[in-house]
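Shown here: coords-v1.cif, mmCIF, C-alpha atoms and all ligand atoms.
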```
data_data
#
loop_
_atom_site.label_atom_id
_atom_site.label_comp_id
_atom_site.auth_asym_id
_atom_site.auth_seq_id
_atom_site.Cartn_x
_atom_site.Cartn_y
_atom_site.Cartn_z
CA ASN H 891 25.01 99.65 -87.80
CA MET H 892 22.94 99.13 -84.63
CA HIS H 893 22.61 95.40 -85.20
CA GLU H 894 26.33 94.65 -85.27
CA SER H 895 27.10 96.53 -82.06
CA ARG H 896 24.28 94.97 -80.06
CA PRO H 897 25.84 93.17 -77.07
CA VAL H 898 25.59 89.41 -77.05
CA ILE H 899 24.17 87.74 -73.94
CA ARG H 900 25.91 84.50 -73.02
CA GLN H 901 25.89 82.10 -70.18
CA LEU H 902 29.18 82.22 -68.23
CA ASP H 903 30.99 78.93 -67.77
CA ASP H 904 31.36 77.38 -64.32
CA ALA H 905 34.99 78.42 -63.89
CA ALA H 906 34.07 82.08 -64.46
CA ILE H 907 31.02 81.86 -62.19
CA ASN H 908 33.14 80.34 -59.41
CA ARG H 909 35.80 83.03 -59.75
CA ILE H 910 33.18 85.76 -59.44
CA ALA H 911 31.59 84.12 -56.40
CA ALA H 912 35.03 83.57 -54.89
CA GLY H 913 35.50 87.32 -54.80
CA GLU H 914 32.62 87.51 -52.34
CA VAL H 915 33.39 84.47 -50.24
CA VAL H 916 37.19 84.65 -50.14
CA GLU H 917 38.67 88.06 -49.51
CA ARG H 918 41.93 86.98 -47.91
CA PRO H 919 43.57 83.91 -46.34
CA ALA H 920 41.61 84.39 -43.10
CA SER H 921 38.29 84.05 -44.97
CA ALA H 922 39.48 80.78 -46.54
CA ILE H 923 40.44 79.50 -43.08
CA LYS H 924 37.04 80.53 -41.72
CA GLU H 925 35.23 78.50 -44.38
CA LEU H 926 37.44 75.43 -43.93
CA VAL H 927 37.31 75.43 -40.13
CA GLU H 928 33.52 75.93 -40.20
CA ASN H 929 33.28 72.91 -42.51
CA ALA H 930 35.32 70.88 -40.00
CA ILE H 931 33.03 71.99 -37.16
CA ASP H 932 29.95 71.12 -39.23
CA ALA H 933 31.51 67.68 -39.85
CA GLY H 934 31.49 66.99 -36.11
CA ALA H 935 35.26 67.20 -35.62
CA LEU H 936 36.68 66.97 -32.10
CA ARG H 937 40.14 68.17 -33.11
CA ILE H 938 41.02 70.65 -35.81
CA GLY H 939 44.57 71.43 -36.92
CA ILE H 940 45.36 74.51 -38.97
CA ASP H 941 48.76 75.03 -40.58
CA ILE H 942 49.71 78.15 -42.48
CA ALA H 943 52.80 79.39 -44.28
CA ASP H 944 53.59 82.97 -45.25
CA GLY H 945 50.44 84.38 -43.71
CA GLY H 946 48.38 81.71 -45.48
CA LYS H 947 49.37 83.07 -48.90
CA THR H 948 51.41 80.04 -49.98
CA LEU H 949 49.87 77.33 -47.80
CA ILE H 950 46.73 76.71 -45.78
CA ARG H 951 46.10 73.22 -44.42
CA VAL H 952 43.06 72.34 -42.32
CA SER H 953 42.78 68.80 -40.92
CA ASP H 954 39.87 67.41 -38.96
CA ASP H 955 38.70 64.13 -37.49
CA GLY H 956 35.10 64.66 -38.55
CA CYS H 957 32.71 62.48 -40.56
CA GLY H 958 34.68 62.63 -43.82
CA ILE H 959 33.43 62.51 -47.41
CA ALA H 960 32.94 59.30 -49.41
CA PRO H 961 35.09 59.07 -52.59
CA ASP H 962 32.05 59.28 -54.89
CA ASP H 963 30.88 62.44 -53.14
CA LEU H 964 34.15 64.35 -53.54
CA PRO H 965 33.32 65.83 -56.97
CA LEU H 966 29.88 66.81 -55.68
CA ALA H 967 31.35 68.53 -52.59
CA MET H 968 33.47 70.56 -55.02
CA SER H 969 30.49 71.56 -57.15
CA ARG H 970 28.69 74.81 -56.83
CA HIS H 971 25.50 74.94 -54.76
CA ALA H 972 26.02 71.35 -53.61
CA THR H 973 25.62 70.91 -49.87
CA SER H 974 24.78 68.13 -47.45
CA LYS H 975 23.51 70.63 -44.88
CA ILE H 976 20.13 71.86 -46.09
CA ASP H 977 17.65 70.60 -48.62
CA GLY H 978 16.62 74.08 -49.74
CA SER H 979 13.08 73.79 -48.44
CA ASP H 980 13.64 75.75 -45.25
CA LEU H 981 16.17 78.59 -45.57
CA LEU H 982 14.84 80.12 -42.37
CA ASN H 983 15.82 77.16 -40.27
CA ILE H 984 19.59 76.72 -40.44
CA HIS H 985 21.63 75.01 -37.74
CA THR H 986 25.03 74.63 -39.44
CA PHE H 987 27.71 77.15 -40.36
CA GLY H 988 27.57 76.21 -44.02
CA PHE H 989 24.55 75.98 -46.26
CA ARG H 990 25.41 77.75 -49.49
CA GLY H 991 27.65 75.07 -50.97
CA GLU H 992 29.97 77.79 -52.22
CA ALA H 993 33.16 77.59 -50.19
CA LEU H 994 34.96 74.63 -51.74
CA PRO H 995 34.24 75.52 -55.40
CA SER H 996 35.22 79.13 -54.69
CA LEU H 997 38.49 78.11 -53.07
CA GLY H 998 39.18 75.74 -55.95
CA ALA H 999 38.72 78.65 -58.34
CA VAL H 1000 41.23 80.97 -56.65
CA GLY H 1001 43.95 78.58 -55.46
CA ARG H 1002 45.35 75.09 -55.91
CA LEU H 1003 43.16 72.95 -53.72
CA THR H 1004 43.46 69.31 -52.72
CA ILE H 1005 40.86 67.64 -50.54
CA THR H 1006 41.68 64.27 -49.01
CA SER H 1007 39.04 62.52 -47.00
CA ARG H 1008 37.99 59.26 -45.46
CA ALA H 1009 34.39 58.56 -44.52
CA GLU H 1010 33.60 55.76 -42.12
CA GLY H 1011 33.52 52.42 -43.91
CA ALA H 1012 35.08 53.89 -47.07
CA ASP H 1013 38.60 54.11 -48.48
CA ALA H 1014 40.48 57.38 -48.33
CA ALA H 1015 40.49 59.36 -51.56
CA SER H 1016 41.65 62.72 -52.78
CA LEU H 1017 40.64 65.25 -55.39
CA GLY H 1018 42.72 68.10 -56.75
CA VAL H 1019 41.29 71.30 -58.21
CA ALA H 1020 43.18 74.20 -59.74
CA GLY H 1021 41.78 77.19 -61.57
CA GLY H 1022 38.35 75.61 -61.17
CA GLU H 1023 39.41 72.49 -63.13
CA MET H 1024 38.77 69.26 -61.24
CA GLY H 1025 41.21 66.40 -61.56
CA PRO H 1026 40.27 62.72 -61.08
CA VAL H 1027 39.41 61.16 -57.72
CA LYS H 1028 42.50 59.19 -56.64
CA PRO H 1029 43.13 56.70 -53.85
CA ALA H 1030 44.94 58.30 -50.92
CA ALA H 1031 46.30 57.55 -47.46
CA LEU H 1032 44.46 59.06 -44.51
CA ASN H 1033 43.35 57.51 -41.22
CA ALA H 1034 40.14 59.44 -40.73
CA GLY H 1035 38.44 62.76 -41.32
CA THR H 1036 39.32 65.36 -43.90
CA THR H 1037 42.39 67.36 -44.82
CA VAL H 1038 42.11 70.30 -47.16
CA VAL H 1039 45.27 71.85 -48.57
CA LEU H 1040 45.04 75.20 -50.32
CA ARG H 1041 48.20 76.48 -51.98
CA ASP H 1042 48.99 79.75 -53.69
CA LEU H 1043 45.75 81.56 -52.95
CA PHE H 1044 44.88 84.10 -55.66
CA TYR H 1045 47.79 82.98 -57.90
CA ALA H 1046 45.48 83.34 -60.88
CA THR H 1047 44.09 86.72 -59.85
CA PRO H 1048 47.04 89.15 -59.52
CA ALA H 1049 44.65 92.02 -58.67
CA ARG H 1050 43.59 90.18 -55.49
CA LEU H 1051 47.13 89.18 -54.70
CA LYS H 1052 48.12 92.85 -54.63
CA PHE H 1053 45.52 93.64 -51.99
CA MET H 1054 46.87 91.14 -49.50
CA ARG H 1055 48.70 92.65 -46.56
CA THR H 1056 51.99 91.60 -45.00
CA ASP H 1057 52.41 87.97 -43.91
CA ARG H 1058 52.29 89.18 -40.35
CA ALA H 1059 48.99 91.05 -40.81
CA GLU H 1060 47.40 88.09 -42.63
CA ALA H 1061 48.60 85.70 -39.92
CA GLN H 1062 47.10 88.02 -37.31
CA ALA H 1063 43.74 88.02 -39.10
CA ILE H 1064 43.88 84.20 -39.29
CA SER H 1065 44.62 83.93 -35.60
CA ASP H 1066 41.66 86.21 -34.86
CA VAL H 1067 39.29 84.06 -36.94
CA VAL H 1068 40.50 80.82 -35.32
CA LYS H 1069 40.22 82.26 -31.81
CA ARG H 1070 36.68 83.51 -32.39
CA LEU H 1071 35.60 80.07 -33.61
CA ALA H 1072 37.44 78.43 -30.70
CA MET H 1073 35.51 80.61 -28.22
CA ALA H 1074 32.25 79.36 -29.64
CA GLU H 1075 33.31 75.68 -29.61
CA PRO H 1076 34.92 74.84 -26.26
CA GLY H 1077 34.36 71.11 -26.83
CA ILE H 1078 36.66 71.12 -29.88
CA GLY H 1079 40.46 71.19 -29.67
CA PHE H 1080 42.24 73.68 -31.93
CA ILE H 1081 45.85 74.08 -32.89
CA LEU H 1082 47.10 76.80 -35.22
CA ARG H 1083 50.70 76.44 -36.45
CA ASP H 1084 52.91 78.63 -38.57
CA VAL H 1085 54.93 76.26 -40.77
CA SER H 1086 56.68 78.92 -42.87
CA GLY H 1087 60.21 78.07 -43.99
CA ASP H 1088 61.60 74.63 -43.31
CA GLY H 1089 61.47 74.49 -39.53
CA GLU H 1090 59.11 72.30 -37.54
CA GLY H 1091 56.54 75.00 -37.27
CA ARG H 1092 55.58 77.27 -34.41
CA ALA H 1093 52.31 76.97 -32.48
CA MET H 1094 50.48 80.32 -32.69
CA PHE H 1095 47.47 79.18 -30.70
CA ARG H 1096 46.46 76.01 -28.95
CA ALA H 1097 43.35 75.03 -26.99
CA ASP H 1098 42.61 71.49 -25.83
CA PRO H 1099 39.01 70.25 -25.90
CA GLU H 1100 37.14 71.31 -22.75
CA THR H 1101 34.75 69.04 -20.95
CA GLY H 1102 32.23 69.89 -18.28
CA ASP H 1103 29.07 71.95 -18.20
CA LEU H 1104 28.32 74.86 -20.52
CA PHE H 1105 29.66 77.63 -18.28
CA GLY H 1106 32.57 75.61 -16.89
CA ALA H 1107 33.83 74.69 -20.37
CA MET H 1108 33.19 78.20 -21.70
CA HIS H 1109 35.01 79.85 -18.80
CA GLN H 1110 38.04 77.59 -19.33
CA ARG H 1111 38.09 78.20 -23.07
CA LEU H 1112 37.73 81.97 -22.71
CA GLY H 1113 40.67 81.79 -20.32
CA SER H 1114 42.79 80.01 -22.98
CA VAL H 1115 41.81 82.49 -25.69
CA LEU H 1116 41.54 85.83 -23.88
CA GLY H 1117 43.90 85.12 -21.00
CA ARG H 1118 43.50 84.12 -17.36
CA ASP H 1119 43.09 87.78 -16.39
CA PHE H 1120 39.88 88.00 -18.36
CA ALA H 1121 38.56 84.79 -16.82
CA ASP H 1122 39.39 86.05 -13.32
CA ASN H 1123 37.65 89.38 -13.91
CA ALA H 1124 34.60 88.15 -15.78
CA LEU H 1125 31.00 88.15 -14.63
CA LYS H 1126 28.80 85.27 -15.65
CA ILE H 1127 25.82 86.37 -17.71
CA ASP H 1128 22.72 84.25 -18.26
CA ALA H 1129 19.35 85.79 -19.08
CA THR H 1130 16.43 84.98 -21.34
CA ARG H 1131 13.74 87.20 -22.81
CA ASP H 1132 11.11 86.62 -25.50
CA GLY H 1133 12.77 83.50 -26.88
CA ILE H 1134 16.33 84.88 -26.90
CA ARG H 1135 18.92 83.59 -24.45
CA LEU H 1136 21.98 85.72 -23.66
CA PHE H 1137 24.89 83.97 -21.96
CA GLY H 1138 28.63 84.28 -21.59
CA TYR H 1139 31.08 86.41 -19.65
CA ALA H 1140 31.52 90.17 -19.40
CA ALA H 1141 34.51 91.74 -17.68
CA LEU H 1142 34.33 94.05 -14.70
CA PRO H 1143 34.65 97.75 -15.57
CA THR H 1144 38.11 97.72 -13.94
CA TYR H 1145 39.22 95.25 -16.64
CA SER H 1146 38.43 97.49 -19.61
CA ARG H 1147 40.43 98.50 -22.69
CA GLY H 1148 41.39 101.76 -24.36
CA ALA H 1149 39.79 100.56 -27.63
CA ALA H 1150 36.80 98.42 -28.56
CA VAL H 1151 39.02 95.51 -29.64
CA ALA H 1152 37.98 92.71 -27.29
CA GLN H 1153 34.25 92.45 -27.80
CA TYR H 1154 33.22 89.06 -29.07
CA LEU H 1155 29.62 88.50 -30.02
CA PHE H 1156 28.03 85.32 -31.33
CA VAL H 1157 24.57 84.62 -32.64
CA ASN H 1158 23.54 80.96 -32.62
CA GLY H 1159 27.20 80.05 -32.28
CA ARG H 1160 28.37 82.21 -35.20
CA PRO H 1161 30.88 84.96 -34.63
CA VAL H 1162 29.24 88.21 -35.78
CA ARG H 1163 30.25 91.83 -36.10
CA ASP H 1164 27.17 93.87 -35.64
CA LYS H 1165 26.82 97.57 -34.87
CA MET H 1166 23.51 97.14 -33.08
CA LEU H 1167 24.96 94.52 -30.71
CA THR H 1168 28.19 96.39 -29.94
CA GLY H 1169 26.08 99.53 -29.44
CA ALA H 1170 24.03 97.65 -26.85
CA LEU H 1171 27.23 96.57 -25.09
CA ARG H 1172 28.44 100.17 -24.94
CA ALA H 1173 25.07 101.33 -23.61
CA ALA H 1174 25.12 98.66 -20.87
CA TYR H 1175 28.49 99.88 -19.54
CA PHE H 1176 27.66 103.57 -19.99
CA ASP H 1177 27.21 104.31 -16.29
CA PHE H 1178 30.17 102.13 -15.26
CA LEU H 1179 33.00 103.25 -17.56
CA SER H 1180 34.59 106.57 -18.45
CA ARG H 1181 34.08 107.64 -22.06
CA ASP H 1182 37.56 106.62 -23.22
CA ARG H 1183 37.31 103.05 -21.87
CA HIS H 1184 35.74 100.05 -23.64
CA PRO H 1185 34.25 96.87 -22.20
CA VAL H 1186 35.67 93.38 -22.76
CA ALA H 1187 33.12 90.62 -23.24
CA ALA H 1188 32.33 87.32 -24.94
CA LEU H 1189 28.58 87.03 -25.29
CA PHE H 1190 26.38 84.49 -26.99
CA LEU H 1191 22.83 85.05 -28.16
CA ASP H 1192 20.86 81.90 -28.92
CA CYS H 1193 17.40 81.90 -30.37
CA ASP H 1194 15.18 79.98 -32.70
CA PRO H 1195 16.82 80.26 -36.16
CA THR H 1196 13.57 81.68 -37.51
CA LEU H 1197 14.00 84.80 -35.33
CA VAL H 1198 17.27 85.78 -37.01
CA ASP H 1199 18.42 85.93 -40.63
CA VAL H 1200 22.01 84.84 -41.19
CA ASN H 1201 21.56 84.92 -44.94
CA VAL H 1202 22.48 88.60 -45.23
CA HIS H 1203 26.03 88.31 -46.61
CA PRO H 1204 28.10 85.44 -48.08
CA ALA H 1205 30.81 85.95 -45.47
CA LYS H 1206 27.97 85.56 -42.97
CA SER H 1207 29.28 87.85 -40.24
CA GLU H 1208 26.21 90.06 -40.41
CA VAL H 1209 22.87 89.06 -38.97
CA ARG H 1210 19.42 90.58 -38.94
CA PHE H 1211 17.08 90.04 -36.02
CA ARG H 1212 13.39 89.97 -36.65
CA ASP H 1213 13.04 92.19 -33.58
CA PRO H 1214 16.36 93.98 -32.89
CA GLY H 1215 14.85 95.78 -29.90
CA VAL H 1216 14.52 92.53 -27.93
CA ALA H 1217 18.19 91.55 -28.42
CA ARG H 1218 19.34 95.06 -27.56
CA GLY H 1219 17.13 95.37 -24.49
CA LEU H 1220 18.23 91.97 -23.23
CA ILE H 1221 21.94 92.85 -23.49
CA VAL H 1222 21.52 96.23 -21.82
CA SER H 1223 19.38 95.00 -18.93
CA ALA H 1224 21.26 91.74 -18.22
CA LEU H 1225 24.68 93.41 -18.22
CA ARG H 1226 23.56 96.42 -16.18
CA HIS H 1227 22.07 94.08 -13.63
CA ALA H 1228 25.29 92.00 -13.38
CA LEU H 1229 27.48 95.10 -13.19
CA ALA H 1230 25.32 96.75 -10.53
CA GLU H 1231 25.36 93.55 -8.43
CA ALA H 1232 29.13 93.26 -8.74
CA GLY H 1233 29.38 96.92 -7.68
CA HIS H 1234 27.25 96.24 -4.59
CA ARG H 1235 29.33 93.20 -3.71
CA ALA H 1236 32.52 95.26 -4.02
CA SER H 1237 31.21 98.12 -1.86
CA SER H 1238 29.83 95.81 0.84
CA THR H 1239 33.21 94.00 1.00
CA VAL H 1240 34.88 97.36 1.59
CA ALA H 1241 32.32 98.32 4.26
CA HIS H 1242 32.80 95.17 6.34
P1 LIG F 1301 28.60 74.18 -47.36
O1 LIG F 1301 29.49 74.17 -46.17
O2 LIG F 1301 27.85 75.48 -47.51
O3 LIG F 1301 27.70 72.98 -47.46
P2 LIG F 1301 31.05 73.84 -48.85
O4 LIG F 1301 31.42 74.17 -50.26
O5 LIG F 1301 31.84 74.49 -47.77
O6 LIG F 1301 29.51 74.15 -48.69
O7 LIG F 1301 31.13 72.27 -48.67
C1 LIG F 1301 30.36 71.43 -49.55
C2 LIG F 1301 30.05 70.09 -48.91
O8 LIG F 1301 31.28 69.35 -48.76
C3 LIG F 1301 29.50 70.18 -47.49
O9 LIG F 1301 28.09 70.35 -47.49
C4 LIG F 1301 29.90 68.83 -46.89
O10 LIG F 1301 29.00 67.82 -47.25
C5 LIG F 1301 31.23 68.55 -47.58
N1 LIG F 1301 32.40 68.93 -46.74
C6 LIG F 1301 33.16 70.05 -46.86
N2 LIG F 1301 34.15 70.08 -45.94
C7 LIG F 1301 34.01 68.95 -45.19
C8 LIG F 1301 34.72 68.39 -44.06
N3 LIG F 1301 35.77 69.01 -43.52
N4 LIG F 1301 34.28 67.20 -43.57
C9 LIG F 1301 33.21 66.56 -44.12
N5 LIG F 1301 32.51 67.05 -45.17
C10 LIG F 1301 32.88 68.22 -45.71
MG MG F 1302 31.14 75.34 -45.89
#
```

Would you encode the structure as structure tokens?
Ligand code: ADP
Ligand code: MG
Amino acid sequence: NMHESRPVIRQLDDAAINRIAAGEVVERPASAIKELVENAIDAGALRIGIDIADGGKTLIRVSDDGCGIAPDDLPLAMSRHATSKIDGSDLLNIHTFGFRGEALPSLGAVGRLTITSRAEGADAASLGVAGGEMGPVKPAALNAGTTVVLRDLFYATPARLKFMRTDRAEAQAISDVVKRLAMAEPGIGFILRDVSGDGEGRAMFRADPETGDLFGAMHQRLGSVLGRDFADNALKIDATRDGIRLFGYAALPTYSRGAAVAQYLFVNGRPVRDKMLTGALRAAYFDFLSRDRHPVAALFLDCDPTLVDVNVHPAKSEVRFRDPGVARGLIVSALRHALAEAGHRASSTVAH
């Protein structure tokens, strides 16, 4: 009988919706860390502490000294599509990392999450969420800012759990995410600790807040993240064309790598992985490097948010320029120019 077998359409409940969305937002511990650290940056934090255990699988803890969340707002922060960052009227004009209001509810759907926060002029409070079920808001002890603890990521989704890699590989991915964000935010201090087992914890990465002008602070921070050698061999880049500014540091051809592993690109302060942009980088070095060598660079593209769409993917590492040719042309010409000048300087030093 056709009638009996007709599928029934029903509205999914919130817990199911959050679990589905979580699959897109949270692939592995490093993606949870990315969301939490971006929230801390959006909150105006000056110091961000990140603790992990067992590659982030059993414990992720992100603490910040940012603006905090008032007790009454905690349940809202944990609700889907609730955000303090945009009002929905202008999706083309986004200045914060977050805007979807999806991270916290997604994390609360795939792990045991506790958020403790203290907004200025308010008491500290905490809220626990597990399997998408929110507990009550409780009084808590915290001096300032926000601490999010996420335990047992994917405990309720064994299929996901199976896809996680070794603790070491997950910790590596976390370190990579934290370092990329640290490169983009030299004014913020970061400390990433591995607190596995019952020891005191081991610092995996540490960068104190940098002061000074844009290039001074950036140069210092790139030195802490990529090493002094990079800083000593890097050319300053600063060029603007058609409303896009390109700035940062690109290493001399003599400081290249055997693989394209140290190319860090940012659009409006967001770390991105983009084939068009890395292609432009390769093209810029084409005449300066042998085919088996790859450039090392940390480059920032800033433009009016309306010239670039960051709304392409929930993990937000892809971008789409309104005019990709301008970004590409700017990278190729600015880097070629800097590399050619450095080459001239080197050859005239030899000649004298
Ligand atoms: P989004 O970042 O897209 O707004 P989230 O789910 O990540 O969505 O966070 C929801 C809301 O919770 C944020 O808009 C913000 O108001 C608040 N929030 C989250 N993390 C923090 C934090 N570390 N400090 C202050 N407020 C926060
Ligand atoms: Mg967020």

For segment 1092-1104 of chain H: contacts at 7 Å, all atoms listed in the file, fewer than 2 positions along chain excluded, given as a PDB file with C-alpha atoms, keeping the file's coordinate frame:
```
ATOM      1  CA  PRO H1076      34.920  74.840 -26.260  1.00  0.00           C
ATOM      2  CA  GLY H1077      34.360  71.110 -26.830  1.00  0.00           C
ATOM      3  CA  ILE H1078      36.660  71.120 -29.880  1.00  0.00           C
ATOM      4  CA  GLY H1079      40.460  71.190 -29.670  1.00  0.00           C
ATOM      5  CA  PHE H1080      42.240  73.680 -31.930  1.00  0.00           C
ATOM      6  CA  ILE H1081      45.850  74.080 -32.890  1.00  0.00           C
ATOM      7  CA  LEU H1082      47.100  76.800 -35.220  1.00  0.00           C
ATOM      8  CA  ARG H1083      50.700  76.440 -36.450  1.00  0.00           C
ATOM      9  CA  ASP H1084      52.910  78.630 -38.570  1.00  0.00           C
ATOM     10  CA  VAL H1085      54.930  76.260 -40.770  1.00  0.00           C
ATOM     11  CA  GLU H1090      59.110  72.300 -37.540  1.00  0.00           C
ATOM     12  CA  GLY H1106      32.570  75.610 -16.890  1.00  0.00           C
ATOM     13  CA  ALA H1107      33.830  74.690 -20.370  1.00  0.00           C
ATOM     14  CA  MET H1108      33.190  78.200 -21.700  1.00  0.00           C
ATOM     15  CA  ARG H1111      38.090  78.200 -23.070  1.00  0.00           C
ATOM     16  CA  SER H1114      42.790  80.010 -22.980  1.00  0.00           C
TER      17      SER H1114
END
```

Around ligand MG 1302 (chain F), which protein and nucleic acid residues have at least one atom no more than 7 Å from it, if we count only C-alpha atoms and all ligand atoms? List them as a PyMOL selection string.
chain H and resi 925-926+928-929+987-989+991-993

Counting only C-alpha atoms, the residue among H:Glu917, H:Glu1010, H:Asp954, H:Asp932 that lies closest to Met1054 of chain H is H:Glu917

Would you compute, for all listed atoms of segment 1102-1109 of chain H, the axis-aligned bounding box grown by 6 Å on each side, and then report its centre and edge lengths in Å rounded to one decimal, as lines of an AutoDock Vina configuration file?
```
center_x = 31.7
center_y = 74.9
center_z = -19.3
size_x = 18.7
size_y = 22.0
size_z = 16.8
```

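Taking atom CA of Pro1029 of chain H and atom CA of Asp1042 of chain H as the two end points, the separation is 23.8 Å.
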
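Pairwise distance (atom CA of Leu1017 of chain H, atom CA of Arg909 of chain H) equals 18.9 Å.
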
If you take only C-alpha atoms and all ligand atoms and a cut-off of 9 Å, which residues of chain H touch ligand LIG 1301 (chain F), and what are their nearest atom pairs and distances in Å to one decimal, in chain and number order, as a Markdown table?
```
| residue | atom | partner | partner_atom | distance |
| --- | --- | --- | --- | --- |
| H:Glu925 | CA | F:LIG1301 | O5 | 6.3 |
| H:Leu926 | CA | F:LIG1301 | N2 | 6.6 |
| H:Val927 | CA | F:LIG1301 | N3 | 7.4 |
| H:Glu928 | CA | F:LIG1301 | O1 | 7.4 |
| H:Asn929 | CA | F:LIG1301 | N2 | 4.5 |
| H:Ala930 | CA | F:LIG1301 | N3 | 4.0 |
| H:Ile931 | CA | F:LIG1301 | N3 | 7.5 |
| H:Asp932 | CA | F:LIG1301 | N4 | 7.3 |
| H:Ala933 | CA | F:LIG1301 | N4 | 4.7 |
| H:Gly934 | CA | F:LIG1301 | N4 | 8.0 |
| H:Ala935 | CA | F:LIG1301 | N4 | 8.0 |
| H:Val952 | CA | F:LIG1301 | N3 | 8.1 |
| H:Ser953 | CA | F:LIG1301 | N3 | 7.5 |
| H:Asp954 | CA | F:LIG1301 | N3 | 6.3 |
| H:Asp955 | CA | F:LIG1301 | N4 | 8.1 |
| H:Gly956 | CA | F:LIG1301 | N4 | 5.7 |
| H:Cys957 | CA | F:LIG1301 | C9 | 5.4 |
| H:Gly958 | CA | F:LIG1301 | C9 | 4.2 |
| H:Ile959 | CA | F:LIG1301 | N5 | 5.1 |
| H:Ala960 | CA | F:LIG1301 | N5 | 8.8 |
| H:Asp963 | CA | F:LIG1301 | O8 | 8.2 |
| H:Leu964 | CA | F:LIG1301 | O8 | 7.5 |
| H:Leu966 | CA | F:LIG1301 | O8 | 7.5 |
| H:Ala967 | CA | F:LIG1301 | O8 | 3.9 |
| H:Met968 | CA | F:LIG1301 | O4 | 6.3 |
| H:Ser969 | CA | F:LIG1301 | O4 | 7.4 |
| H:Arg970 | CA | F:LIG1301 | O4 | 7.1 |
| H:His971 | CA | F:LIG1301 | O6 | 7.3 |
| H:Ala972 | CA | F:LIG1301 | C1 | 5.9 |
| H:Thr973 | CA | F:LIG1301 | O9 | 3.5 |
| H:Ser974 | CA | F:LIG1301 | O9 | 4.0 |
| H:Lys975 | CA | F:LIG1301 | O9 | 5.3 |
| H:Ile976 | CA | F:LIG1301 | O3 | 7.8 |
| H:Thr986 | CA | F:LIG1301 | O1 | 8.1 |
| H:Phe987 | CA | F:LIG1301 | O1 | 6.8 |
| H:Gly988 | CA | F:LIG1301 | O1 | 3.5 |
| H:Phe989 | CA | F:LIG1301 | O2 | 3.6 |
| H:Arg990 | CA | F:LIG1301 | O2 | 3.9 |
| H:Gly991 | CA | F:LIG1301 | O6 | 3.1 |
| H:Glu992 | CA | F:LIG1301 | O4 | 4.4 |
| H:Ala993 | CA | F:LIG1301 | O4 | 3.8 |
| H:Leu994 | CA | F:LIG1301 | O4 | 3.9 |
| H:Pro995 | CA | F:LIG1301 | O4 | 6.0 |
| H:Ser996 | CA | F:LIG1301 | O4 | 7.7 |
| H:Leu997 | CA | F:LIG1301 | O4 | 8.6 |
| H:Ile1005 | CA | F:LIG1301 | N2 | 8.5 |
| H:Ser1007 | CA | F:LIG1301 | N4 | 7.5 |
| H:Arg1008 | CA | F:LIG1301 | C9 | 8.8 |
| H:Ala1009 | CA | F:LIG1301 | C9 | 8.1 |
| H:Gly1035 | CA | F:LIG1301 | N4 | 6.5 |
| H:Thr1036 | CA | F:LIG1301 | N3 | 5.1 |
| H:Thr1037 | CA | F:LIG1301 | N3 | 6.9 |
| H:Val1038 | CA | F:LIG1301 | N3 | 7.4 |
```

With a cut-off of 12 Å, could you pull out the residues of segment 1083-1158 of chain H touching segment 1227-1238 of chain H and give me the nearest pair of atoms for each, distance in Å to one decimal, using all atoms listed in the file, ordered by chain and ascending number, as a tab-separated table?
```
residue	atom	partner	partner_atom	distance
H:Asn1123	CA	H:Ala1232	CA	10.7
H:Ala1124	CA	H:Ala1232	CA	10.3
H:Leu1125	CA	H:Ala1228	CA	7.0
H:Lys1126	CA	H:Ala1228	CA	7.9
H:Ile1127	CA	H:Ala1228	CA	7.1
H:Asp1128	CA	H:Ala1228	CA	9.5
H:Ala1129	CA	H:His1227	CA	10.3
H:Phe1137	CA	H:Ala1228	CA	11.8
H:Gly1138	CA	H:Ala1228	CA	11.8
H:Tyr1139	CA	H:Ala1228	CA	10.2
H:Ala1140	CA	H:Ala1228	CA	8.9
H:Ala1141	CA	H:Leu1229	CA	9.0
H:Leu1142	CA	H:Leu1229	CA	7.1
H:Pro1143	CA	H:Leu1229	CA	8.0
H:Thr1144	CA	H:Gly1233	CA	10.8
```

Quick one: residues within 8 Å of Lys947 of chain H, all atoms listed in the file counted, chain neighbours fewer than 6 positions away excluded, as a PyMOL selection string?
chain H and resi 919+1041-1043+1057
